[in-house]
Amino acid sequence: MKNHDDCFFCDIVSGKPDPRGIRNEVFLETRNHIVVQDGHNMIDDAAYTLTIAKNHVKSMRDLPPDQIEEQRKIENLLRYKIHQLTGKKVVSFEHGASGAKSVDHAHTHNVGNDGFSCDIEDEIFRETNIADIGKTYLHYRDADGKVYHLPLSNDVQSQYMRIKLWKQAGGVGDFYKECNWKNASEELTKRFLRNEQFTINVLKGAITDADKARFGL
């Protein structure tokens, strides 16, 4: 496993506590990925997971094709399982490479968000294979399972998709002040911990061998 000493996602993969001192629950581990709760979930009562590559690469696009396929199978399983357990449809996304993300380590988000989807215009996002786009991109899969990829310039707004989801969940004001996990207020920290525990309560021990076999994992 290739990792970096200064990457806290590498620390999570290695089993170390996150920067808050909290050890993550591992809901699923495969040969090349782990699935844990998102520790900075800003959407109440929504199961929110991160799929993290074990190797330190910038994006899923940088992984070998078989590992990209493995990640997509995990995505399918999580979308199925979160919907099964909560009744909520799931939005999935990845801020690829250096575009729109805060942590320079490949990871994807799966959010049980009760079926609302980002307002996506087809002429902006396009259905295409991830291998056919550049190294800086957004991967977005809406609540109905339709997949889009958007090539990006490096100046795209940081946390672009999280901001969209937060606003559609009723968030108002400045996202970076209201949901800044790097400098969270006491009130926001409590909200993150409450939402994190919600995901743990939903998914801890819930993914079975039968689930993994169903999705080829």
# chains A, B, ... in the order shown; residues from 1 in each chain; ligands from 1

$ residues_around --residues "range 78-88 of chain A" --least-positions-apart "2" --cutoff "7 Å" --atoms "only C-alpha atoms" --output "list in words"
Ala47, Ile74, Glu75, Asn76, Val90, Gly112, Asn113, Asp114, Gly115 and Val202 of chain A

$ residues_around --residues "range 34-40 of chain A" --least-positions-apart "3" --cutoff "6 Å" --atoms "only C-alpha atoms" --output "ChimeraX atom specification"
/A:25-29,48-52,192,196

$ write_last_selection --atoms "N, CA and C atoms" --output "mmCIF file, in the first residue's frame"
data_model
loop_
_atom_site.group_PDB
_atom_site.id
_atom_site.type_symbol
_atom_site.label_atom_id
_atom_site.label_comp_id
_atom_site.auth_asym_id
_atom_site.auth_seq_id
_atom_site.Cartn_x
_atom_site.Cartn_y
_atom_site.Cartn_z
ATOM 1 N N GLU A 25 -15.434 3.919 11.848
ATOM 2 C CA GLU A 25 -16.042 2.604 11.666
ATOM 3 C C GLU A 25 -15.804 2.179 10.219
ATOM 4 N N VAL A 26 -15.304 0.975 10.024
ATOM 5 C CA VAL A 26 -15.116 0.450 8.680
ATOM 6 C C VAL A 26 -16.308 -0.450 8.360
ATOM 7 N N PHE A 27 -17.186 0.041 7.502
ATOM 8 C CA PHE A 27 -18.395 -0.701 7.149
ATOM 9 C C PHE A 27 -18.104 -1.795 6.133
ATOM 10 N N LEU A 28 -17.079 -1.572 5.307
ATOM 11 C CA LEU A 28 -16.714 -2.513 4.255
ATOM 12 C C LEU A 28 -15.247 -2.322 3.925
ATOM 13 N N GLU A 29 -14.535 -3.414 3.764
ATOM 14 C CA GLU A 29 -13.156 -3.361 3.304
ATOM 15 C C GLU A 29 -12.986 -4.352 2.174
ATOM 16 N N TYR A 48 -24.191 8.897 5.321
ATOM 17 C CA TYR A 48 -23.207 9.542 4.448
ATOM 18 C C TYR A 48 -21.886 8.795 4.614
ATOM 19 N N THR A 49 -21.430 8.159 3.545
ATOM 20 C CA THR A 49 -20.194 7.377 3.606
ATOM 21 C C THR A 49 -19.136 7.928 2.658
ATOM 22 N N LEU A 50 -17.898 7.580 2.968
ATOM 23 C CA LEU A 50 -16.766 7.833 2.088
ATOM 24 C C LEU A 50 -16.140 6.503 1.719
ATOM 25 N N THR A 51 -15.901 6.305 0.431
ATOM 26 C CA THR A 51 -15.107 5.168 -0.041
ATOM 27 C C THR A 51 -13.714 5.701 -0.327
ATOM 28 N N ILE A 52 -12.717 5.184 0.390
ATOM 29 C CA ILE A 52 -11.354 5.710 0.313
ATOM 30 C C ILE A 52 -10.430 4.670 -0.296
ATOM 31 N N PHE A 192 -22.014 17.638 13.426
ATOM 32 C CA PHE A 192 -21.237 16.637 12.705
ATOM 33 C C PHE A 192 -21.239 15.306 13.448
ATOM 34 N N GLU A 196 -22.755 11.898 12.110
ATOM 35 C CA GLU A 196 -21.820 10.789 11.978
ATOM 36 C C GLU A 196 -22.367 9.554 12.687
#

$ residues_around --residues "Ser59 in chain A" --least-positions-apart "3" --cutoff "10 Å" --atoms "only C-alpha atoms" --output "VMD selection string"
chain A and resid 52 to 53 56 62 to 63 68 94 to 99 104 to 108 135 to 137

$ closest_residue --among "A:Trp166, A:Tyr148, A:Tyr176, A:Phe9" --to "Val103 in chain A" --atoms "only C-alpha atoms"
A:Phe9

$ residues_around --residues "Leu193 in chain A" --least-positions-apart "4" --cutoff "9 Å" --atoms "only C-alpha atoms" --output "list in words"
Gly39, His40, Asn41, Leu188, Thr189, Gln197 and Phe198 of chain A

$ write_last_selection --atoms "C-alpha atoms" --output "short mmCIF file (atom, residue, chain, number, x, y, z; two decimals), in the first residue's frame"
data_model
loop_
_atom_site.label_atom_id
_atom_site.label_comp_id
_atom_site.auth_asym_id
_atom_site.auth_seq_id
_atom_site.Cartn_x
_atom_site.Cartn_y
_atom_site.Cartn_z
CA GLY A 39 -17.10 12.75 9.80
CA HIS A 40 -18.30 16.13 8.52
CA ASN A 41 -21.80 15.35 7.30
CA LEU A 188 -21.29 22.60 14.20
CA THR A 189 -19.03 20.00 15.80
CA GLN A 197 -23.46 8.61 14.63
CA PHE A 198 -26.60 8.38 12.50
#

$ closest_residue --among "A:Lys167, A:Lys177, A:Lys89, A:Lys58" --to "Ile43 in chain A" --atoms "only C-alpha atoms"
A:Lys167

$ closest_residue --among "A:Asp142, A:Asp45, A:Val57, A:Arg162" --to "Arg194 in chain A" --atoms "only C-alpha atoms"
A:Asp45
